[in-house]
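Structure first, commentary second.
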Amino acid sequence: MPSYLHFGEDDFLRCRFAVSPLWETQQAVRMLKHPERHGYHAHWLRRTGRAAAALDLTDLWLLMPRHGHCPDWLCPPPIGPAAGFEEEIAAVRASDPEEARADTAKSLADTPGGLDSAQARRWLRDPARMVRELSDAMEEVWHTLLAPDWARLRALLEADVAFHSRRLAEVGLGRLLPEINRRFGWRAGTLTVEFRGRHERHLGGQGLVLMPSVFLWPDVVSTFDPPWQPTLAYPARGIGGLWAAPDDRTPEALVRLLGQGRAAVLAALDEPAATTALALRLGLAPSSVSAHLTVLRGAGLLTSRRYGHQVLYERTPLGIALVSGDG
């Protein structure tokens with residue numbers, strides 16, 4: 001059943017991209033609950049399995065119905081384009097207990113047996129305690145599972161934002177949205193999202209937050225009720241190679257042609273990336289990666305452009321052909 005987001009004139013001026021470590025933490029918890037989401041993350045799950053098993057996720061899972069409402073207060077829209085987890089979780093801890101209580105009750109009603117559980121009754125009697133307990137649970141998940149890999153995750157998410165920001169400048173919002181995901185449609189100022197459950201909202205000048213996610217696949221989420229800013233979350237580009245070891249994605253013929261280091265750098269650029277992100281991904285020194293990038297760019301295999309404080313590198317058509325083995 002589709003959801004509809006209706007844009008007014010001012011909404012086009014208030015659309016933005018954002019990356020949220022808090023959102024990724026919530027989605028990682030949800031992914032652990034649903035095996036159908038595990039596909040792209042098998043390596044990460046094997047590596048973190050013991051740590052994940054030691055976490056008690058029961059309370060968080062209680063507020064993640066397969067179909068229905070999840071509490072907006074527990075994972076609100078991103079504060080800014082690149083807020084840190086500490087800033088986001090502080091905002092969650094500052095939630096108004098009575099508003100959190102009403103929001104949580106709505107979610108529990110969508111979970112079979114949720115309102116009748118002993119934990120739900122305790123939460124609804126003492127919402128201030130509920131805010132503390134659930135904030136603590138989210139923070140524990142972040143530090144245990146997400147923080148050690150955040151540099152890699154953030155690099156992928158920022159590469160998605162850079163790519164789609166450039167496409168927005170090239171083709172405009174109406175053409176970009178269907179490109180981002182096949183479930184998005186655009187017609188006459190209305191975004192249609194193929195999403196479980198019907199949802200309709202006039203943006204009312206608030207605009208729209210577009211948020212890539214590592215752990216959301218294969219879903220998309222069009223969410224957040226007033227007064228929260230409308231937000232559209234979608235699977236980030238490039239998650240198929242997120243956890244691959246460098247040798248897994250470097251063609252042998254490319255290694256023979258360019259050498260191991262340069263071949264690994266070229267093969268790793270499935271998405272635009274900066275020197276530091278590539279160094280983290282490949283386990284190489286930033287100085288080595290920088291030297292390889294300079295040579296590859298000089299050979300016409302890469303282009304570079306500035307995005308904020310970073311310089312992003314991506315393959316030219318010749319670089320793409322070499323990696324794919326075409327031509």
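Residue numbering restarts at 1 for every chain of the structure tokens, chains are lettered A, B, ... in their displayed order, and ligands are numbered from 1 as they appear.
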Exercise for the section: Mind listing the helix (DSSP H, G or I) residues of range 80-306 of chain A, per DSSP on the backbone, as a PyMOL selection string? Expected result: chain A and resi 85-93+97-109+118-125+127-171+173-180+239-241+246-249+252-258+260-268+275-282+286-298
Note to self: With only C-alpha atoms as the counted atoms, please give the residues lying no more than 9 Å from Leu153 in chain A, apart from itself and same-chain residues fewer than 6 positions off, as a PyMOL selection string.
What the structure shows: chain A and resi 146+214+242
**OP:** Please identify which residues in range 226-285 of chain A DSSP calls strand (DSSP E) from the backbone, and express them as a list in words.
**Re:**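 Written out, the strand (DSSP E) residues of range 226-285 of chain A are Thr231, Leu232, Ala233, Tyr234 and Pro235 of chain A.
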Quick one: residues within 9 Å of Thr276 in chain A, only C-alpha atoms, excluding same-chain residues fewer than 3 positions away - as a tab-separated table (two decimals) with C-alpha atoms, in the first residue's frame?
```
chain	number	residue	atom	x	y	z
A	155	ALA	CA	32.38	6.58	4.65
A	273	ALA	CA	35.49	8.02	-1.54
A	279	ALA	CA	42.77	3.83	3.85
A	280	LEU	CA	40.39	2.53	6.54
A	281	ARG	CA	38.64	0.24	4.08
A	285	ALA	CA	48.45	3.99	5.37
A	286	PRO	CA	46.77	7.21	4.14
A	289	VAL	CA	46.66	5.51	-0.61
A	290	SER	CA	47.27	9.16	-1.51
```
For Ala321 in chain A, the closest of A:Val295, A:Thr144, A:Gly84, A:Leu254 counting only C-alpha atoms is A:Leu254
Legend entry - Counting only C-alpha atoms, the option among A:Ala54, A:Ala188, A:Val131, A:Ala100 closest to Gly8 in chain A: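 With only C-alpha atoms as the atom set, the closest residue is A:Ala188.
Across the structure, CA of Lys106 in chain A and CA of Gly68 in chain A are spaced 9.0 Å apart.
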What lies within 12 Å of Ala291 in chain A using only C-alpha atoms, ignoring chain neighbours under 3 positions off, as a JSON list (two decimals) with N, CA, C and O atoms, in the first residue's frame?
```json
[["chain", "number", "residue", "atom", "x", "y", "z"],
["A", 261, "GLY", "N", 48.72, -2.65, -4.66],
["A", 261, "GLY", "CA", 48.19, -1.46, -4.00],
["A", 261, "GLY", "C", 47.29, -0.63, -4.87],
["A", 261, "GLY", "O", 46.16, -0.29, -4.49],
["A", 262, "ARG", "N", 47.75, -0.30, -6.08],
["A", 262, "ARG", "CA", 46.95, 0.54, -6.97],
["A", 262, "ARG", "C", 45.69, -0.20, -7.44],
["A", 262, "ARG", "O", 44.62, 0.39, -7.57],
["A", 265, "VAL", "N", 43.12, -0.06, -4.64],
["A", 265, "VAL", "CA", 42.50, 1.27, -4.53],
["A", 265, "VAL", "C", 41.47, 1.46, -5.64],
["A", 265, "VAL", "O", 40.34, 1.91, -5.39],
["A", 275, "THR", "N", 40.46, 9.88, 0.65],
["A", 275, "THR", "CA", 41.68, 9.14, 0.97],
["A", 275, "THR", "C", 41.57, 8.42, 2.30],
["A", 275, "THR", "O", 41.90, 7.23, 2.41],
["A", 279, "ALA", "N", 41.73, 4.39, 2.99],
["A", 279, "ALA", "CA", 42.77, 3.83, 3.85],
["A", 279, "ALA", "C", 42.17, 2.92, 4.92],
["A", 279, "ALA", "O", 42.67, 1.82, 5.19],
["A", 284, "LEU", "N", 45.40, 0.31, 4.68],
["A", 284, "LEU", "CA", 46.67, 0.87, 4.22],
["A", 284, "LEU", "C", 46.90, 2.22, 4.88],
["A", 284, "LEU", "O", 45.97, 2.86, 5.38],
["A", 285, "ALA", "N", 48.13, 2.67, 4.85],
["A", 285, "ALA", "CA", 48.45, 3.99, 5.37],
["A", 285, "ALA", "C", 47.87, 5.05, 4.45],
["A", 285, "ALA", "O", 47.91, 4.91, 3.22],
["A", 286, "PRO", "N", 47.31, 6.14, 5.00],
["A", 286, "PRO", "CA", 46.77, 7.21, 4.14],
["A", 286, "PRO", "C", 47.78, 7.75, 3.15],
["A", 286, "PRO", "O", 47.42, 8.09, 2.02],
["A", 287, "SER", "N", 49.05, 7.82, 3.55],
["A", 287, "SER", "CA", 50.07, 8.33, 2.63],
["A", 287, "SER", "C", 50.23, 7.41, 1.42],
["A", 287, "SER", "O", 50.41, 7.88, 0.28],
["A", 288, "SER", "N", 50.15, 6.09, 1.64],
["A", 288, "SER", "CA", 50.25, 5.14, 0.53],
["A", 288, "SER", "C", 49.05, 5.27, -0.40],
["A", 288, "SER", "O", 49.20, 5.27, -1.63],
["A", 294, "THR", "N", 47.12, 9.50, -6.70],
["A", 294, "THR", "CA", 47.77, 10.46, -7.59],
["A", 294, "THR", "C", 48.18, 9.80, -8.90],
["A", 294, "THR", "O", 47.96, 10.36, -10.00],
["A", 295, "VAL", "N", 48.76, 8.61, -8.81],
["A", 295, "VAL", "CA", 49.19, 7.90, -10.02],
["A", 295, "VAL", "C", 47.99, 7.49, -10.87],
["A", 295, "VAL", "O", 47.98, 7.66, -12.10],
["A", 296, "LEU", "N", 46.94, 6.97, -10.23],
["A", 296, "LEU", "CA", 45.76, 6.52, -10.96],
["A", 296, "LEU", "C", 45.04, 7.70, -11.64],
["A", 296, "LEU", "O", 44.56, 7.58, -12.76],
["A", 297, "ARG", "N", 44.99, 8.82, -10.95],
["A", 297, "ARG", "CA", 44.37, 10.01, -11.56],
["A", 297, "ARG", "C", 45.21, 10.51, -12.74],
["A", 297, "ARG", "O", 44.67, 10.87, -13.79],
["A", 298, "GLY", "N", 46.53, 10.48, -12.57],
["A", 298, "GLY", "CA", 47.41, 10.90, -13.66],
["A", 298, "GLY", "C", 47.30, 10.02, -14.88],
["A", 298, "GLY", "O", 47.51, 10.47, -16.02]]
```
Practice prompt. Excluding His38 in chain A and any residue of its chain fewer than 5 positions from it, enumerate the residues within 12 Å of it, using only C-alpha atoms, and give them as a list in words.
Written response: Gln27, Ala28, Val29, Arg30, Met31, Leu32, Lys33, His43, Trp44, Leu45, Arg46, Val214, Phe215, Leu216, Trp217, Pro218, Ile239 and Gly240 of chain A
Using CA of Tyr40 in chain A and CA of Thr250 in chain A as the two end points, give the distance in Å to one decimal.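 Taking CA of Tyr40 in chain A and CA of Thr250 in chain A, their separation equals 18.5 Å.
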For this session: Could you tell me how far CA of Glu24 in chain A lies from CA of Ala264 in chain A, in Å and to one decimal?
Result: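 Computed distance, CA of Glu24 in chain A to CA of Ala264 in chain A, equals 27.5 Å.
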If you count only C-alpha atoms, the residue of A:Val255, A:Ile89, A:Ala102, A:Leu156 closest to Leu74 in chain A turns out to be A:Ile89
Min atom-atom distance to Asp10 in chain A from the set A:Ala253, A:Gly205, A:Gln229, A:Leu301, counting only C-alpha atoms, belongs to A:Gly205
Using only C-alpha atoms: which of A:Leu134, A:Glu87, A:His41, A:Leu318 has the shortest distance to Gly241 in chain A: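 The shortest atom-to-atom distance to Gly241 in chain A comes from A:His41.
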Item checked: Contact residues around Pro2 in chain A with only C-alpha atoms at 12 Å, ignoring same-chain residues under 2 positions, as a list in words -> Tyr4, Leu5, Arg183, Phe184, Gly185, Thr190, Leu191, Thr192, Val193, Glu194, Phe195, Arg196, Gly197, Arg198, His199, Glu200, Arg201, Val220, Val221 and Ser222 of chain A
Generate a file of the selected residues that holds C-alpha atoms, formatted as a JSON list (two decimals), in the first residue's frame.
```
[["chain", "number", "residue", "atom", "x", "y", "z"],
["A", 4, "TYR", "CA", 2.10, 9.84, -0.31],
["A", 5, "LEU", "CA", 4.22, 12.89, 0.51],
["A", 183, "ARG", "CA", 9.88, 2.04, -4.76],
["A", 184, "PHE", "CA", 9.86, 5.83, -5.12],
["A", 185, "GLY", "CA", 7.66, 7.48, -7.72],
["A", 190, "THR", "CA", 3.81, 14.17, -4.97],
["A", 191, "LEU", "CA", 6.26, 11.47, -3.90],
["A", 192, "THR", "CA", 4.76, 8.00, -3.82],
["A", 193, "VAL", "CA", 6.51, 5.39, -1.67],
["A", 194, "GLU", "CA", 5.65, 1.71, -1.93],
["A", 195, "PHE", "CA", 5.64, 0.99, 1.78],
["A", 196, "ARG", "CA", 3.72, -1.29, 4.11],
["A", 197, "GLY", "CA", 0.80, 0.65, 5.53],
["A", 198, "ARG", "CA", -0.84, 3.76, 4.12],
["A", 199, "HIS", "CA", 0.62, 7.11, 5.12],
["A", 200, "GLU", "CA", -0.21, 10.51, 3.67],
["A", 201, "ARG", "CA", 1.31, 13.81, 4.63],
["A", 220, "VAL", "CA", 12.53, 1.73, 2.68],
["A", 221, "VAL", "CA", 10.95, 3.83, 5.41],
["A", 222, "SER", "CA", 8.74, 6.88, 4.99]]
```
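When only C-alpha atoms are used to measure the gap to Pro78 in chain A, the shortest distance among A:Met130, A:Val209, A:Ala90, A:Leu168 belongs to A:Val209.
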List every residue of range 185-277 of chain A that has an atom at most 12 Å from any atom of range 164-167 of chain A, giving for each one its closest atom pair and the distance in Å to one decimal, counting only C-alpha atoms, sorted by chain and then by ascending residue number, as CSV.
```
residue,atom,partner,partner_atom,distance
A:Leu210,CA,A:His164,CA,9.9
A:Met211,CA,A:His164,CA,10.8
A:Pro212,CA,A:His164,CA,10.0
A:Ala236,CA,A:His164,CA,10.3
A:Arg237,CA,A:His164,CA,9.7
A:Glu271,CA,A:His164,CA,11.0
A:Pro272,CA,A:His164,CA,10.9
```
